[in-house]
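*Asks:* Supplied in C-alpha coordinates, the structure appears directly below.
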Amino acid sequence: MPYQFDDLKKSCPAEWRAYIEHRFVRELGEASLAPEAFQHYLKQDYLFLIQFARAFALAAYKSPTLSDLRQAKDGLQAIVDTELDLHIGYCNEWGISEQELADLPEARATLAYTRYVLDTGNRGDLLDLHVALSPCMVGYGEIANWLNHHTDTIRGKANPYDAWIAMYESDEFQDAMQAEIRWLNERLADVSPARFEQLTRIFRDATRLEIDFWDMGLNLSD
(Lines give C-alpha, C1' and ligand atoms only; values in the text may rest on other atoms or scores of the structure.)
Protein backbone atom coordinates (compact mmCIF):
# COMPACT_ATOMS: atom_id res chain seq x y z
CA MET A 1 0.00 0.00 0.00
CA PRO A 2 1.49 3.40 -0.94
CA TYR A 3 2.56 5.66 1.92
CA GLN A 4 0.83 8.99 2.49
CA PHE A 5 1.50 12.06 4.61
CA ASP A 6 -1.03 10.79 7.15
CA ASP A 7 1.27 7.81 7.71
CA LEU A 8 3.97 10.18 8.91
CA LYS A 9 1.57 11.61 11.48
CA LYS A 10 0.53 8.10 12.52
CA SER A 11 4.19 7.24 13.09
CA CYS A 12 4.36 9.67 16.06
CA PRO A 13 0.79 10.34 17.25
CA ALA A 14 1.77 11.46 20.76
CA GLU A 15 4.28 14.00 19.47
CA TRP A 16 1.93 15.30 16.77
CA ARG A 17 -0.89 15.78 19.26
CA ALA A 18 1.46 17.46 21.76
CA TYR A 19 2.43 19.89 19.00
CA ILE A 20 -1.04 20.63 17.58
CA GLU A 21 -2.71 20.86 21.00
CA HIS A 22 0.17 22.48 22.88
CA ARG A 23 -0.59 24.67 25.87
CA PHE A 24 0.68 27.70 23.93
CA VAL A 25 -1.87 26.94 21.18
CA ARG A 26 -4.72 26.32 23.61
CA GLU A 27 -4.07 29.51 25.57
CA LEU A 28 -3.78 31.46 22.33
CA GLY A 29 -7.20 30.17 21.29
CA GLU A 30 -8.69 30.86 24.72
CA ALA A 31 -7.27 34.42 24.75
CA SER A 32 -5.46 33.61 28.01
CA LEU A 33 -1.90 33.52 26.62
CA ALA A 34 0.38 36.06 28.28
CA PRO A 35 1.12 38.93 25.84
CA GLU A 36 4.82 38.66 26.70
CA ALA A 37 4.82 35.02 25.61
CA PHE A 38 3.18 35.86 22.29
CA GLN A 39 5.58 38.75 21.67
CA HIS A 40 8.57 36.51 22.40
CA TYR A 41 7.21 33.93 19.97
CA LEU A 42 6.60 36.60 17.30
CA LYS A 43 10.18 37.86 17.55
CA GLN A 44 11.65 34.40 17.21
CA ASP A 45 9.23 33.51 14.42
CA TYR A 46 10.68 36.42 12.42
CA LEU A 47 14.13 34.84 12.74
CA PHE A 48 12.63 31.47 11.89
CA LEU A 49 11.14 32.88 8.67
CA ILE A 50 14.57 34.06 7.54
CA GLN A 51 15.97 30.55 7.97
CA PHE A 52 12.83 29.14 6.35
CA ALA A 53 13.62 31.26 3.28
CA ARG A 54 17.12 29.78 3.24
CA ALA A 55 15.53 26.31 3.32
CA PHE A 56 13.55 27.14 0.17
CA ALA A 57 16.75 28.36 -1.47
CA LEU A 58 18.26 24.99 -0.58
CA ALA A 59 15.17 23.29 -2.01
CA ALA A 60 15.81 25.09 -5.29
CA TYR A 61 19.36 23.75 -5.35
CA LYS A 62 18.09 20.25 -4.56
CA SER A 63 15.29 20.33 -7.15
CA PRO A 64 15.66 17.62 -9.82
CA THR A 65 12.86 18.93 -12.07
CA LEU A 66 11.73 22.29 -13.40
CA SER A 67 8.43 21.86 -11.57
CA ASP A 68 10.23 21.39 -8.25
CA LEU A 69 12.49 24.35 -9.00
CA ARG A 70 9.50 26.59 -9.68
CA GLN A 71 7.83 25.45 -6.45
CA ALA A 72 10.96 26.28 -4.45
CA LYS A 73 11.29 29.66 -6.18
CA ASP A 74 7.65 30.51 -5.41
CA GLY A 75 8.12 29.56 -1.75
CA LEU A 76 11.26 31.66 -1.40
CA GLN A 77 9.65 34.62 -3.14
CA ALA A 78 6.52 34.39 -0.98
CA ILE A 79 8.58 34.56 2.21
CA VAL A 80 11.04 37.26 1.14
CA ASP A 81 8.62 39.51 -0.76
CA THR A 82 5.41 39.00 1.22
CA GLU A 83 5.48 37.05 4.48
CA LEU A 84 8.41 38.86 6.09
CA ASP A 85 6.84 42.26 5.36
CA LEU A 86 3.51 41.09 6.77
CA HIS A 87 5.25 39.69 9.83
CA ILE A 88 7.11 42.95 10.43
CA GLY A 89 3.82 44.84 10.17
CA TYR A 90 2.14 42.43 12.59
CA CYS A 91 5.05 42.79 15.03
CA ASN A 92 4.69 46.59 14.84
CA GLU A 93 1.07 46.20 15.96
CA TRP A 94 2.41 44.39 19.03
CA GLY A 95 4.92 47.15 19.78
CA ILE A 96 7.93 45.37 18.26
CA SER A 97 9.97 47.58 15.93
CA GLU A 98 11.80 46.42 12.83
CA GLN A 99 15.08 47.53 14.41
CA GLU A 100 14.38 45.36 17.46
CA LEU A 101 13.77 42.40 15.15
CA ALA A 102 17.03 43.08 13.30
CA ASP A 103 18.99 43.13 16.57
CA LEU A 104 17.49 39.93 17.99
CA PRO A 105 19.66 36.97 18.99
CA GLU A 106 18.25 33.57 18.09
CA ALA A 107 16.84 31.55 20.96
CA ARG A 108 18.25 28.06 21.38
CA ALA A 109 14.96 26.50 20.24
CA THR A 110 15.08 28.60 17.07
CA LEU A 111 18.67 27.62 16.39
CA ALA A 112 17.99 23.94 17.03
CA TYR A 113 14.95 23.71 14.79
CA THR A 114 16.09 25.79 11.85
CA ARG A 115 19.57 24.30 11.72
CA TYR A 116 18.11 20.81 11.95
CA VAL A 117 15.97 21.53 8.88
CA LEU A 118 18.91 22.96 6.93
CA ASP A 119 21.24 20.14 7.98
CA THR A 120 18.64 17.54 7.00
CA GLY A 121 18.25 19.17 3.61
CA ASN A 122 22.00 19.39 3.09
CA ARG A 123 22.58 15.75 4.01
CA GLY A 124 19.56 14.32 2.21
CA ASP A 125 17.46 14.93 -0.87
CA LEU A 126 14.49 17.16 -1.63
CA LEU A 127 12.04 14.76 0.02
CA ASP A 128 14.07 14.75 3.25
CA LEU A 129 13.94 18.54 3.28
CA HIS A 130 10.19 18.71 2.64
CA VAL A 131 9.50 16.17 5.37
CA ALA A 132 11.58 18.23 7.81
CA LEU A 133 9.61 21.35 6.83
CA SER A 134 6.18 19.70 6.85
CA PRO A 135 5.39 19.99 10.58
CA CYS A 136 5.51 23.76 10.07
CA MET A 137 4.02 23.95 6.58
CA VAL A 138 1.15 21.58 7.37
CA GLY A 139 0.99 21.85 11.14
CA TYR A 140 0.06 25.53 11.35
CA GLY A 141 -2.91 24.95 9.06
CA GLU A 142 -4.00 21.98 11.15
CA ILE A 143 -3.60 24.05 14.32
CA ALA A 144 -5.93 26.74 12.97
CA ASN A 145 -8.48 24.08 12.04
CA TRP A 146 -8.15 22.41 15.44
CA LEU A 147 -8.67 25.74 17.20
CA ASN A 148 -11.80 26.40 15.17
CA HIS A 149 -13.25 23.07 16.33
CA HIS A 150 -12.13 23.48 19.95
CA THR A 151 -15.04 24.51 22.17
CA ASP A 152 -12.95 26.89 24.32
CA THR A 153 -11.60 28.91 21.39
CA ILE A 154 -12.67 32.55 21.36
CA ARG A 155 -12.91 34.32 18.00
CA GLY A 156 -13.30 37.97 17.13
CA LYS A 157 -12.31 41.13 18.97
CA ALA A 158 -12.51 39.41 22.34
CA ASN A 159 -9.35 37.51 21.42
CA PRO A 160 -6.21 39.61 20.80
CA TYR A 161 -4.73 36.65 18.90
CA ASP A 162 -7.63 36.26 16.49
CA ALA A 163 -5.60 37.66 13.58
CA TRP A 164 -3.03 34.90 14.05
CA ILE A 165 -5.73 32.22 13.77
CA ALA A 166 -7.24 34.00 10.77
CA MET A 167 -3.88 34.00 9.00
CA TYR A 168 -3.60 30.21 9.09
CA GLU A 169 -7.26 29.43 8.46
CA SER A 170 -7.19 31.63 5.34
CA ASP A 171 -7.91 30.06 1.97
CA GLU A 172 -4.42 31.04 0.81
CA PHE A 173 -2.64 29.19 3.60
CA GLN A 174 -5.02 26.21 3.56
CA ASP A 175 -4.52 25.86 -0.21
CA ALA A 176 -0.74 25.98 0.26
CA MET A 177 -1.02 23.35 2.97
CA GLN A 178 -3.04 21.03 0.72
CA ALA A 179 -0.59 21.57 -2.16
CA GLU A 180 2.27 20.53 0.12
CA ILE A 181 0.38 17.42 1.24
CA ARG A 182 -0.28 16.49 -2.39
CA TRP A 183 3.41 16.94 -3.23
CA LEU A 184 4.41 14.74 -0.32
CA ASN A 185 1.81 12.09 -1.12
CA GLU A 186 3.09 11.78 -4.68
CA ARG A 187 6.66 11.21 -3.50
CA LEU A 188 5.86 9.05 -0.49
CA ALA A 189 3.85 6.66 -2.67
CA ASP A 190 7.08 5.44 -4.27
CA VAL A 191 9.29 4.94 -1.20
CA SER A 192 10.28 1.60 0.29
CA PRO A 193 9.51 0.61 3.90
CA ALA A 194 13.15 1.19 4.86
CA ARG A 195 13.13 4.64 3.27
CA PHE A 196 9.84 5.49 4.94
CA GLU A 197 11.34 4.56 8.31
CA GLN A 198 14.12 7.08 7.67
CA LEU A 199 11.55 9.75 6.83
CA THR A 200 9.51 9.02 9.96
CA ARG A 201 12.59 9.75 12.08
CA ILE A 202 13.00 13.11 10.35
CA PHE A 203 9.31 13.93 10.79
CA ARG A 204 9.32 12.93 14.46
CA ASP A 205 12.43 14.98 15.21
CA ALA A 206 11.05 18.04 13.44
CA THR A 207 7.74 17.71 15.31
CA ARG A 208 9.58 17.50 18.64
CA LEU A 209 11.48 20.66 17.71
CA GLU A 210 8.17 22.39 16.93
CA ILE A 211 7.04 21.46 20.46
CA ASP A 212 10.23 23.01 21.82
CA PHE A 213 9.49 26.17 19.82
CA TRP A 214 6.10 26.49 21.53
CA ASP A 215 7.78 25.82 24.89
CA MET A 216 10.26 28.60 24.11
CA GLY A 217 7.44 31.07 23.52
CA LEU A 218 5.48 29.98 26.56
CA ASN A 219 8.45 30.06 28.92
CA LEU A 220 10.13 33.15 27.43
CA SER A 221 13.33 31.14 27.17
CA ASP A 222 16.42 32.31 25.28
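How things are named: the first chain in the C-alpha coordinates is A, the next is B, and so on; residues count from 1 in each chain; ligands count from 1 in the order shown.
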With only C-alpha atoms as the counted atoms, please give the residues lying no more than 9 Å from range 43-58 of chain A, apart from itself and same-chain residues fewer than 3 positions off, as a PyMOL selection string.
*Replies:* chain A and resi 38-40+61-63+71-80+83-84+87-88+91+96+100-102+104-107+110-111+113-115+117-118+121-122+126+129+133+213+217
*Asks:* Which residues are near range 142-154 of chain A? Cut-off 9 Å, only C-alpha atoms, ignore same chain within fewer than 5 positions. Put them as an MDAnalysis selection string.
*Replies:* chainID A and resid 19:21 25:31 159 162 164:169 174 177
*Asks:* Excluding Lys9 in chain A and its own-chain neighbours fewer than 6 positions away, which residues fall within 12 Å of it when counting only C-alpha atoms? Please give them as a PyMOL selection string.
*Replies:* chain A and resi 3+15-20+131+134-135+138-139+142+181+199-207
*Asks:* Would you list the contacts of Glu197 in chain A as an NGL selection string, taking every protein, DNA or RNA residue within 12 Å and counting only C-alpha atoms, but skipping same-chain residues closer than 6 positions in sequence?
*Replies:* :A and (3 or 7-8 or 11-12 or 128 or 188 or 191 or 203-204)
*Asks:* List the spatial neighbours of Phe24 in chain A as a VMD selection string - criterion: any atom at most 8 Å away, only C-alpha atoms, same-chain residues fewer than 6 positions off excluded.
*Replies:* chain A and resid 33 214 to 215 217 to 218
*Asks:* From range 120-222 of chain A, collect each residue whose DSSP state is helix (DSSP H, G or I) and return the set as an MDAnalysis selection string.
*Replies:* chainID A and resid 120:123 126:137 139:149 162:169 171:188 193:219
*Asks:* Looking at A:Glu210, A:Asp125, A:Ala59, A:Trp94, which one is nearest to Ala37 in chain A, with distances taken over only C-alpha atoms?
*Replies:*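 Smallest distance to Ala37 in chain A is found for A:Trp94.
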*Asks:* Rank nothing, just name the residue among A:His130, A:Ser170, A:Leu42, A:Ala34 nearest to Gly89 in chain A, using only C-alpha atoms.
*Replies:*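 Once distances to Gly89 in chain A are computed over only C-alpha atoms, the minimum belongs to A:Leu42.
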